[in-house]
Amino acid sequence: MNSTAVRANRRRLMLLAVLALLCAAGYLLVNTDPGNARLFAYSMKIRAPKLAAMALTAVSIGGASIVFQTIINNTIVTPCLLGMNTLYTLIHTAVVFFLGSSSIVASNANLAFGVDVILMGITATLLYGWIFRKTKHNVLYVLLVGTVLASFFGSVQTTLTRVMDPNEYDALLSSLVASFSNINSEILLFSALLLAGVAFALRRELALLDVLTLGKEQAINLGVDYDRCIRRLLLGVTLCIAVATAMVGPISFLGLIIANLSRQLLRTYRHSQLVAGSALFGMAVLVGGQLIVEQVYSYAVPVSVFITVGGGVYFLYLLVARKKV
Amino acid sequence: MKIRQLTKRYQGKTVVDGVSFSIPKGKVTSLIGPNGAGKSTVMSMISRLIAQDEGLVDLDGTDVGRWKSRELARRLAILTQSNHIQMKLTVRELVAFGRFPHSGSRLTETDEAFVDRAIAYMELEEFQDRFLDELSGGQRQRALIAMVIAQDTEYILLDEPTNNLDIYHATNLMKTVRRLCDELGKTVILVLHEINYAAFYSDYICAFKDGRIARFGSVEEVITSENLSAIYGVEFQIQTVKGKPLSIYY
């Protein structure tokens, strides 16, 4: 086939991987003193879990965004723009609200996460699957409904926290406002296992992504069991978003930025490359951004602010530059 | 392929109503009829793109809806009217997708040979490395048909394939359809608006009106001025050109 383009893309991905590794090395090593073993070990203890969490986030958001865009056959929509991460926040709040912060489910981080993930998987798959069917995959409607849902979930969640017992709220807050400076590292292992499990369970569907880009009818013509395939992929996407939101909190525009940067750089339909590119861009943006935030701005501005501002501008650029959605 | 009592309703309105006919193997069959007569819906049900409400599409003893999708994709290929491909794809990459039901994403040398042949069949050699979004509508249509040819199925279903094509390419397409049938022994089923293309290049014609079959038979049996006037509601004159009934309508 077009092997020169494939090789050129492989070179680009290599460069991107080097960039991501440099960011990671920089994040781990800048302003540490390897001569002082105890101090060095202490910095590693703080920085290594954060780095791992950011890597997991990059992979889950990067992969989920590309897959989601292919499902809906449009490159301007991402799961977070449709409110998937606010849905997760709402579910997490509701679990604490109804079961109480002292219940075994809410007090054990991994158990709470497990319950959240199950609820999230069921609700989001049913809800978004239904929206897709109802709107017949019309992107403008999906985007509109999704935006409304995002603020709806947000409002319900705020209402729950308002009527909550203040002590409960206090307990909730520590796990709710996960951010890059306050990473929920207790669930790192669980999340990594969950992501690996999702990737393994969906290996057949992931191989069908290239064919899905041709649209529903062509995919069926080429022998894809379309409805089942979309349902399973959508479930995978929601689980990825749950992992990322639980670990580092909601970051709306990250997926949009990295998925589209990957598509622009690689200009291919091959999803193995697109997902890899998206994840590596995610690493570079998150880790590089956090490095700057910690070392240059000394935590004054959280990295999510940069991502939201940059992502918003980039989103507008995509809308205007492409003219048609 | 046998079609039995096929019925489809949309919101209480019956668009296809108890359609039964058998598609002769190794022949070209055209479905004709006015807009909204149900030909495209029948085509979509034959190819399992939409599910029927009642009835059966029997392919080798099993309803197409109950076939394993991948296996059916090696027996039957469909090209519909709506194709919006968003990705950056070259013509050759698109045609290569036709081999997916056979080999997945890894193409063997045999697959490459099928792709080459399909591209040659549709005279796309000079475009094969161009991106689809750089092509005209007609060229894109030919690339899609090449993909269907590369799929190398026994049954080939084309829903209004001559749309977007000028007279040269439309005529060539119909000749290709004939060659697919005569040289490679394919069973081709077409939805056509051009009655004369249907009359000149098909073996059998199935004429639809109001969701039912108005006439089904060989070209000579169906293409008569009485039949066509009854189906389309305009006057027809039939002249014989090269042994085929040519219809003139005004």
# chains A, B, ... in the order shown; residues from 1 in each chain; ligands from 1
>>> closest_atom_pairs(of="chain B", to="chain A", cutoff="10 Å", atoms="only C-alpha atoms", output="tab-separated table")
residue	atom	partner	partner_atom	distance
B:Ser44	CA	A:Glu217	CA	9.6
B:Ser47	CA	A:Asn221	CA	7.8
B:Arg48	CA	A:Ile220	CA	8.2
B:Leu49	CA	A:Glu217	CA	6.6
B:Ile50	CA	A:Glu217	CA	9.6
B:Lys68	CA	A:Gly223	CA	8.0
B:Ser69	CA	A:Gly223	CA	4.5
B:Arg70	CA	A:Gly223	CA	3.8
B:Glu71	CA	A:Gly223	CA	7.0
B:Leu72	CA	A:Gly223	CA	6.8
B:Ala73	CA	A:Gly223	CA	4.9
B:Arg74	CA	A:Gly223	CA	8.0
B:Leu76	CA	A:Asn221	CA	8.0
B:Ala77	CA	A:Asn221	CA	6.0
B:Ile78	CA	A:Asn221	CA	6.1
B:Leu79	CA	A:Gln218	CA	7.7
B:Thr80	CA	A:Glu217	CA	7.5
B:Gln81	CA	A:Glu217	CA	9.9
B:Ser82	CA	A:Glu217	CA	8.5
B:Asn83	CA	A:Gly215	CA	7.4
B:His84	CA	A:Gly215	CA	7.0
B:Ile85	CA	A:Leu214	CA	5.4
B:Gln86	CA	A:Asn73	CA	7.2
B:Met87	CA	A:Tyr269	CA	5.9
B:Lys88	CA	A:Thr268	CA	5.9
B:Leu89	CA	A:Tyr269	CA	6.9
B:Thr90	CA	A:Asn2	CA	8.8
B:Arg92	CA	A:Met1	CA	7.8
B:Glu93	CA	A:Met1	CA	7.2
B:Leu94	CA	A:Leu214	CA	8.8
B:Ala96	CA	A:Met1	CA	8.7
B:Phe97	CA	A:Val211	CA	7.3
B:Gly98	CA	A:Leu222	CA	7.0
B:Arg99	CA	A:Leu222	CA	8.4
B:Phe100	CA	A:Leu222	CA	6.5
B:Pro101	CA	A:Leu222	CA	5.7
B:His102	CA	A:Leu222	CA	9.3
B:Gly104	CA	A:Ala207	CA	8.6
B:Ser105	CA	A:Ala207	CA	8.0
B:Leu107	CA	A:Met1	CA	9.0
B:Glu112	CA	A:Met1	CA	8.7
B:Asp129	CA	A:Asn2	CA	8.0
B:Leu144	CA	A:Gln218	CA	9.9
B:Val148	CA	A:Asn221	CA	9.2
B:Gln151	CA	A:Leu222	CA	8.3
>>> write_last_selection(atoms="C-alpha atoms", output="compact mmCIF listing (two decimals), in the first residue's frame")
# COMPACT_ATOMS: atom_id res chain seq x y z
CA SER B 44 -31.65 -2.32 1.65
CA SER B 47 -28.62 -6.53 1.75
CA ARG B 48 -29.53 -6.58 5.52
CA LEU B 49 -28.86 -2.83 5.85
CA ILE B 50 -32.35 -2.48 7.27
CA LYS B 68 -22.96 -14.08 10.13
CA SER B 69 -22.25 -10.56 8.94
CA ARG B 70 -18.67 -11.29 7.93
CA GLU B 71 -19.60 -14.42 5.98
CA LEU B 72 -22.41 -12.64 4.22
CA ALA B 73 -19.94 -9.90 3.26
CA ARG B 74 -18.01 -12.49 1.26
CA LEU B 76 -22.96 -10.18 -1.12
CA ALA B 77 -21.80 -6.59 -1.62
CA ILE B 78 -23.93 -3.46 -1.63
CA LEU B 79 -23.24 0.10 -2.71
CA THR B 80 -25.79 2.61 -1.44
CA GLN B 81 -26.49 6.16 -2.53
CA SER B 82 -25.22 7.91 0.58
CA ASN B 83 -21.50 7.80 1.14
CA HIS B 84 -19.86 10.46 3.28
CA ILE B 85 -16.32 9.46 4.00
CA GLN B 86 -14.65 11.88 6.38
CA MET B 87 -11.21 10.35 6.53
CA LYS B 88 -8.23 11.14 4.38
CA LEU B 89 -8.23 8.08 2.12
CA THR B 90 -6.62 7.44 -1.22
CA ARG B 92 -6.35 2.60 -3.61
CA GLU B 93 -6.81 2.47 0.16
CA LEU B 94 -10.58 2.67 -0.30
CA ALA B 96 -8.43 -2.23 -0.58
CA PHE B 97 -11.16 -2.04 2.09
CA GLY B 98 -13.16 -4.30 -0.22
CA ARG B 99 -10.81 -7.12 0.80
CA PHE B 100 -11.59 -6.65 4.50
CA PRO B 101 -14.20 -9.44 4.73
CA HIS B 102 -11.65 -11.86 3.27
CA GLY B 104 -9.05 -8.29 7.61
CA SER B 105 -6.61 -5.39 7.52
CA LEU B 107 -3.61 -7.81 2.63
CA GLU B 112 -3.46 -6.87 -3.96
CA ASP B 129 -2.91 7.48 -5.21
CA LEU B 144 -16.67 3.08 -4.54
CA VAL B 148 -17.41 -3.38 -4.36
CA GLN B 151 -14.95 -7.47 -2.54
>>> residues_around(residues="region 51-63 of chain A", least_positions_apart="5", cutoff="8 Å", atoms="only C-alpha atoms", output="NGL selection string")
:A and (24 or 27-28 or 180 or 183 or 185 or 188 or 191-192 or 195 or 240-241 or 243-244 or 247-248 or 254-255 or 258-259 or 275-276 or 278-283 or 286-287)
>>> residues_around(residues="Pro302 (chain A)", least_positions_apart="3", cutoff="10 Å", atoms="only C-alpha atoms", output="list in words")
Ser179, Phe180, Ser181, Gly289, Gln290, Ile292, Val293, Glu294, Tyr297, Ser298, Tyr299, Val305, Phe306 and Ile307 of chain A
>>> write_last_selection(atoms="N, CA and C atoms", output="short mmCIF file (atom, residue, chain, number, x, y, z; two decimals), in the first residue's frame")
data_model
loop_
_atom_site.label_atom_id
_atom_site.label_comp_id
_atom_site.auth_asym_id
_atom_site.auth_seq_id
_atom_site.Cartn_x
_atom_site.Cartn_y
_atom_site.Cartn_z
N SER A 179 -7.38 16.81 40.95
CA SER A 179 -6.80 17.68 39.93
C SER A 179 -5.37 17.22 39.73
N PHE A 180 -4.64 17.91 38.89
CA PHE A 180 -3.28 17.46 38.64
C PHE A 180 -2.38 17.70 39.83
N SER A 181 -2.77 18.65 40.69
CA SER A 181 -1.95 18.87 41.88
C SER A 181 -2.40 17.96 43.01
N GLY A 289 3.01 20.45 30.47
CA GLY A 289 2.25 21.54 31.10
C GLY A 289 2.45 21.55 32.61
N GLN A 290 2.36 20.36 33.20
CA GLN A 290 2.51 20.27 34.65
C GLN A 290 3.92 20.66 35.08
N ILE A 292 5.82 22.87 33.62
CA ILE A 292 5.88 24.33 33.60
C ILE A 292 5.14 24.91 34.80
N VAL A 293 3.95 24.34 35.07
CA VAL A 293 3.15 24.85 36.19
C VAL A 293 3.92 24.74 37.51
N GLU A 294 4.56 23.58 37.70
CA GLU A 294 5.22 23.37 38.99
C GLU A 294 6.52 24.14 39.11
N TYR A 297 5.61 28.44 37.31
CA TYR A 297 4.57 29.24 37.99
C TYR A 297 4.42 28.83 39.44
N SER A 298 5.23 27.90 39.90
CA SER A 298 5.14 27.34 41.25
C SER A 298 3.69 27.19 41.73
N TYR A 299 2.94 26.40 40.96
CA TYR A 299 1.56 25.99 41.30
C TYR A 299 0.54 27.12 41.28
N VAL A 305 -6.27 24.99 33.59
CA VAL A 305 -6.64 26.32 33.08
C VAL A 305 -6.02 26.54 31.71
N PHE A 306 -4.73 26.21 31.59
CA PHE A 306 -4.07 26.35 30.28
C PHE A 306 -4.79 25.50 29.23
N ILE A 307 -5.10 24.26 29.64
CA ILE A 307 -5.71 23.34 28.68
C ILE A 307 -7.08 23.85 28.25
#
>>> select_by_dssp(residues="region 148-235 of chain B", states="strand (DSSP E)", output="PyMOL selection string")
chain B and resi 155-159+187-191+204-209+212-218
>>> write_last_selection(atoms="N, CA and C atoms", output="JSON list (two decimals), in the first residue's frame")
[["chain", "number", "residue", "atom", "x", "y", "z"],
["B", 155, "TYR", "N", -22.96, -12.01, -5.25],
["B", 155, "TYR", "CA", -24.03, -11.04, -5.50],
["B", 155, "TYR", "C", -23.48, -9.63, -5.38],
["B", 156, "ILE", "N", -23.79, -8.78, -6.36],
["B", 156, "ILE", "CA", -23.40, -7.38, -6.30],
["B", 156, "ILE", "C", -24.65, -6.53, -6.41],
["B", 157, "LEU", "N", -24.90, -5.70, -5.39],
["B", 157, "LEU", "CA", -26.10, -4.86, -5.37],
["B", 157, "LEU", "C", -25.69, -3.40, -5.51],
["B", 158, "LEU", "N", -26.23, -2.72, -6.49],
["B", 158, "LEU", "CA", -25.86, -1.32, -6.71],
["B", 158, "LEU", "C", -27.13, -0.47, -6.70],
["B", 159, "ASP", "N", -27.19, 0.47, -5.76],
["B", 159, "ASP", "CA", -28.37, 1.32, -5.64],
["B", 159, "ASP", "C", -28.11, 2.62, -6.41],
["B", 187, "THR", "N", -23.98, -12.29, -10.02],
["B", 187, "THR", "CA", -25.39, -11.91, -10.05],
["B", 187, "THR", "C", -25.47, -10.45, -9.66],
["B", 188, "VAL", "N", -25.93, -9.59, -10.56],
["B", 188, "VAL", "CA", -25.95, -8.16, -10.27],
["B", 188, "VAL", "C", -27.39, -7.70, -10.14],
["B", 189, "ILE", "N", -27.67, -6.94, -9.09],
["B", 189, "ILE", "CA", -28.99, -6.37, -8.89],
["B", 189, "ILE", "C", -28.83, -4.87, -8.82],
["B", 190, "LEU", "N", -29.58, -4.13, -9.62],
["B", 190, "LEU", "CA", -29.42, -2.69, -9.71],
["B", 190, "LEU", "C", -30.74, -2.01, -9.40],
["B", 191, "VAL", "N", -30.64, -0.82, -8.79],
["B", 191, "VAL", "CA", -31.79, 0.08, -8.79],
["B", 191, "VAL", "C", -31.46, 1.15, -9.82],
["B", 204, "TYR", "N", -33.28, -9.23, -16.61],
["B", 204, "TYR", "CA", -34.62, -9.22, -16.02],
["B", 204, "TYR", "C", -34.91, -7.85, -15.44],
["B", 205, "ILE", "N", -36.19, -7.52, -15.41],
["B", 205, "ILE", "CA", -36.59, -6.25, -14.84],
["B", 205, "ILE", "C", -37.72, -6.49, -13.86],
["B", 206, "CYS", "N", -37.59, -5.82, -12.72],
["B", 206, "CYS", "CA", -38.67, -5.88, -11.74],
["B", 206, "CYS", "C", -39.17, -4.45, -11.56],
["B", 207, "ALA", "N", -40.41, -4.21, -11.96],
["B", 207, "ALA", "CA", -40.95, -2.85, -11.89],
["B", 207, "ALA", "C", -41.83, -2.71, -10.67],
["B", 208, "PHE", "N", -41.57, -1.67, -9.88],
["B", 208, "PHE", "CA", -42.32, -1.44, -8.64],
["B", 208, "PHE", "C", -43.28, -0.29, -8.81],
["B", 209, "LYS", "N", -44.41, -0.39, -8.14],
["B", 209, "LYS", "CA", -45.29, 0.76, -7.99],
["B", 209, "LYS", "C", -45.99, 0.66, -6.63],
["B", 212, "ARG", "N", -45.42, -2.32, -4.25],
["B", 212, "ARG", "CA", -45.67, -3.68, -4.73],
["B", 212, "ARG", "C", -44.98, -3.88, -6.07],
["B", 213, "ILE", "N", -44.86, -5.14, -6.46],
["B", 213, "ILE", "CA", -44.31, -5.42, -7.78],
["B", 213, "ILE", "C", -45.41, -5.24, -8.81],
["B", 214, "ALA", "N", -45.16, -4.34, -9.79],
["B", 214, "ALA", "CA", -46.14, -4.16, -10.85],
["B", 214, "ALA", "C", -45.92, -5.20, -11.95],
["B", 215, "ARG", "N", -44.67, -5.40, -12.32],
["B", 215, "ARG", "CA", -44.34, -6.40, -13.34],
["B", 215, "ARG", "C", -42.97, -6.98, -13.01],
["B", 216, "PHE", "N", -42.79, -8.27, -13.25],
["B", 216, "PHE", "CA", -41.47, -8.88, -13.14],
["B", 216, "PHE", "C", -41.30, -9.86, -14.28],
["B", 217, "GLY", "N", -40.19, -9.76, -14.99],
["B", 217, "GLY", "CA", -39.99, -10.70, -16.08],
["B", 217, "GLY", "C", -38.78, -10.31, -16.89],
["B", 218, "SER", "N", -38.64, -10.92, -18.06],
["B", 218, "SER", "CA", -37.52, -10.56, -18.92],
["B", 218, "SER", "C", -37.75, -9.16, -19.46]]
>>> closest_residue(among="A:Ile230, A:Met44, A:Leu87, A:Leu274", to="Leu202 (chain A)", atoms="only C-alpha atoms")
A:Ile230
>>> residues_around(residues="Phe152 (chain A)", least_positions_apart="4", cutoff="12 Å", atoms="only C-alpha atoms", output="list in words")
Leu82, Gly83, Met84, Thr86, Leu87, Leu90, Val145, Gly146, Thr147, Val148, Val156, Gln157, Thr158 and Thr159 of chain A
>>> closest_residue(among="A:Leu81, A:Asn9, A:Ala17, A:Val105", to="Leu144 (chain A)", atoms="only C-alpha atoms")
A:Leu81
>>> atom_distance(atom1="CA of Leu173 (chain A)", atom2="CA of Ala106 (chain A)")
12.1 Å
>>> select_by_dssp(residues="region 2-249 of chain B", states="alpha helix (DSSP H)", output="number ranges by chain")
B: 39-46, 69-75, 91-97, 100-103, 109-121, 137-150, 167-182, 195-201, 219-222, 225-232
>>> write_last_selection(atoms="C-alpha atoms", output="PDB file, in the first residue's frame")
ATOM      1  CA  LYS B  39     -37.161  -0.167  -4.788  1.00  0.00           C
ATOM      2  CA  SER B  40     -34.346   1.194  -2.622  1.00  0.00           C
ATOM      3  CA  THR B  41     -36.035  -0.071   0.536  1.00  0.00           C
ATOM      4  CA  VAL B  42     -36.279  -3.540  -0.983  1.00  0.00           C
ATOM      5  CA  MET B  43     -32.602  -3.277  -1.924  1.00  0.00           C
ATOM      6  CA  SER B  44     -31.653  -2.322   1.645  1.00  0.00           C
ATOM      7  CA  MET B  45     -33.610  -5.255   3.050  1.00  0.00           C
ATOM      8  CA  ILE B  46     -32.043  -7.692   0.564  1.00  0.00           C
ATOM      9  CA  SER B  69     -22.251 -10.557   8.936  1.00  0.00           C
ATOM     10  CA  ARG B  70     -18.672 -11.287   7.931  1.00  0.00           C
ATOM     11  CA  GLU B  71     -19.595 -14.424   5.984  1.00  0.00           C
ATOM     12  CA  LEU B  72     -22.414 -12.643   4.220  1.00  0.00           C
ATOM     13  CA  ALA B  73     -19.942  -9.902   3.263  1.00  0.00           C
ATOM     14  CA  ARG B  74     -18.013 -12.490   1.258  1.00  0.00           C
ATOM     15  CA  ARG B  75     -21.145 -13.460  -0.642  1.00  0.00           C
ATOM     16  CA  VAL B  91      -8.548   5.649  -3.954  1.00  0.00           C
ATOM     17  CA  ARG B  92      -6.349   2.599  -3.611  1.00  0.00           C
ATOM     18  CA  GLU B  93      -6.814   2.471   0.159  1.00  0.00           C
ATOM     19  CA  LEU B  94     -10.581   2.669  -0.295  1.00  0.00           C
ATOM     20  CA  VAL B  95     -10.619  -0.121  -2.877  1.00  0.00           C
ATOM     21  CA  ALA B  96      -8.429  -2.227  -0.577  1.00  0.00           C
ATOM     22  CA  PHE B  97     -11.164  -2.037   2.090  1.00  0.00           C
ATOM     23  CA  PHE B 100     -11.590  -6.649   4.504  1.00  0.00           C
ATOM     24  CA  PRO B 101     -14.198  -9.436   4.728  1.00  0.00           C
ATOM     25  CA  HIS B 102     -11.645 -11.857   3.267  1.00  0.00           C
ATOM     26  CA  SER B 103      -8.380 -10.935   4.953  1.00  0.00           C
ATOM     27  CA  GLU B 109      -0.676 -10.823  -2.606  1.00  0.00           C
ATOM     28  CA  THR B 110      -3.940 -12.294  -3.846  1.00  0.00           C
ATOM     29  CA  ASP B 111      -5.772  -9.371  -2.255  1.00  0.00           C
ATOM     30  CA  GLU B 112      -3.463  -6.870  -3.959  1.00  0.00           C
ATOM     31  CA  ALA B 113      -4.174  -8.600  -7.279  1.00  0.00           C
ATOM     32  CA  PHE B 114      -7.929  -8.230  -6.683  1.00  0.00           C
ATOM     33  CA  VAL B 115      -7.431  -4.554  -5.867  1.00  0.00           C
ATOM     34  CA  ASP B 116      -5.387  -4.021  -9.043  1.00  0.00           C
ATOM     35  CA  ARG B 117      -8.022  -5.744 -11.136  1.00  0.00           C
ATOM     36  CA  ALA B 118     -10.846  -3.718  -9.628  1.00  0.00           C
ATOM     37  CA  ILE B 119      -8.981  -0.482 -10.236  1.00  0.00           C
ATOM     38  CA  ALA B 120      -8.327  -1.478 -13.838  1.00  0.00           C
ATOM     39  CA  TYR B 121     -11.981  -2.461 -14.320  1.00  0.00           C
ATOM     40  CA  GLY B 137     -18.299  13.147  -7.541  1.00  0.00           C
ATOM     41  CA  GLY B 138     -18.194  10.818 -10.522  1.00  0.00           C
ATOM     42  CA  GLN B 139     -14.637   9.697  -9.872  1.00  0.00           C
ATOM     43  CA  ARG B 140     -15.496   9.026  -6.238  1.00  0.00           C
ATOM     44  CA  GLN B 141     -18.502   6.968  -7.334  1.00  0.00           C
ATOM     45  CA  ARG B 142     -16.266   4.891  -9.586  1.00  0.00           C
ATOM     46  CA  ALA B 143     -13.817   4.352  -6.732  1.00  0.00           C
ATOM     47  CA  LEU B 144     -16.670   3.082  -4.536  1.00  0.00           C
ATOM     48  CA  ILE B 145     -17.791   0.703  -7.271  1.00  0.00           C
ATOM     49  CA  ALA B 146     -14.208  -0.522  -7.624  1.00  0.00           C
ATOM     50  CA  MET B 147     -14.268  -1.298  -3.907  1.00  0.00           C
ATOM     51  CA  VAL B 148     -17.406  -3.385  -4.363  1.00  0.00           C
ATOM     52  CA  ILE B 149     -15.747  -5.217  -7.254  1.00  0.00           C
ATOM     53  CA  ALA B 150     -12.664  -5.903  -5.119  1.00  0.00           C
ATOM     54  CA  ILE B 167     -23.086   9.714 -20.167  1.00  0.00           C
ATOM     55  CA  TYR B 168     -19.624   8.324 -20.933  1.00  0.00           C
ATOM     56  CA  HIS B 169     -19.021   6.981 -17.433  1.00  0.00           C
ATOM     57  CA  ALA B 170     -22.612   5.863 -16.901  1.00  0.00           C
ATOM     58  CA  THR B 171     -22.550   3.862 -20.127  1.00  0.00           C
ATOM     59  CA  ASN B 172     -19.162   2.415 -19.255  1.00  0.00           C
ATOM     60  CA  LEU B 173     -20.460   1.485 -15.840  1.00  0.00           C
ATOM     61  CA  MET B 174     -23.365  -0.400 -17.390  1.00  0.00           C
ATOM     62  CA  LYS B 175     -20.936  -2.191 -19.714  1.00  0.00           C
ATOM     63  CA  THR B 176     -18.848  -3.084 -16.664  1.00  0.00           C
ATOM     64  CA  VAL B 177     -21.957  -4.472 -15.004  1.00  0.00           C
ATOM     65  CA  ARG B 178     -22.535  -6.619 -18.088  1.00  0.00           C
ATOM     66  CA  ARG B 179     -18.914  -7.833 -18.007  1.00  0.00           C
ATOM     67  CA  LEU B 180     -19.148  -8.642 -14.299  1.00  0.00           C
ATOM     68  CA  CYS B 181     -22.108 -10.835 -15.133  1.00  0.00           C
ATOM     69  CA  ASP B 182     -20.887 -12.372 -18.424  1.00  0.00           C
ATOM     70  CA  ILE B 195     -35.263   2.855 -18.111  1.00  0.00           C
ATOM     71  CA  ASN B 196     -33.158   2.569 -21.235  1.00  0.00           C
ATOM     72  CA  TYR B 197     -30.052   1.558 -19.334  1.00  0.00           C
ATOM     73  CA  ALA B 198     -32.164  -1.043 -17.570  1.00  0.00           C
ATOM     74  CA  ALA B 199     -33.604  -2.289 -20.866  1.00  0.00           C
ATOM     75  CA  PHE B 200     -30.273  -2.422 -22.704  1.00  0.00           C
ATOM     76  CA  TYR B 201     -28.066  -3.995 -20.091  1.00  0.00           C
ATOM     77  CA  VAL B 219     -36.779  -7.174 -20.485  1.00  0.00           C
ATOM     78  CA  GLU B 220     -39.098  -7.842 -23.456  1.00  0.00           C
ATOM     79  CA  GLU B 221     -41.965  -8.820 -21.185  1.00  0.00           C
ATOM     80  CA  VAL B 222     -41.751  -5.779 -18.930  1.00  0.00           C
ATOM     81  CA  SER B 225     -45.688   0.837 -23.690  1.00  0.00           C
ATOM     82  CA  GLU B 226     -48.783  -0.396 -21.791  1.00  0.00           C
ATOM     83  CA  ASN B 227     -46.777  -1.568 -18.795  1.00  0.00           C
ATOM     84  CA  LEU B 228     -44.624   1.539 -18.549  1.00  0.00           C
ATOM     85  CA  SER B 229     -47.541   3.924 -19.025  1.00  0.00           C
ATOM     86  CA  ALA B 230     -49.400   2.171 -16.235  1.00  0.00           C
ATOM     87  CA  ILE B 231     -46.394   2.299 -13.905  1.00  0.00           C
ATOM     88  CA  TYR B 232     -45.165   5.837 -14.516  1.00  0.00           C
TER      89      TYR B 232
END
>>> closest_residue(among="B:Asp63, B:Gly211, B:Glu154, B:Pro34", to="Lys8 (chain B)", atoms="only C-alpha atoms")
B:Gly211
>>> closest_residue(among="A:Ala196, A:Ala5, A:Ile46, A:Ile72", to="Gly129 (chain A)", atoms="only C-alpha atoms")
A:Ile72
>>> residues_around(residues="Phe68 (chain A)", least_positions_apart="4", cutoff="7 Å", atoms="only C-alpha atoms", output="mmCIF file with C-alpha atoms, in the first residue's frame")
data_model
loop_
_atom_site.group_PDB
_atom_site.id
_atom_site.type_symbol
_atom_site.label_atom_id
_atom_site.label_comp_id
_atom_site.auth_asym_id
_atom_site.auth_seq_id
_atom_site.Cartn_x
_atom_site.Cartn_y
_atom_site.Cartn_z
ATOM 1 C CA ALA A 64 -11.420 7.387 24.123
ATOM 2 C CA ILE A 72 -19.975 9.303 15.611
ATOM 3 C CA THR A 78 -15.352 14.408 22.098
ATOM 4 C CA PRO A 79 -16.938 12.511 24.994
ATOM 5 C CA VAL A 237 -15.157 4.982 25.968
#
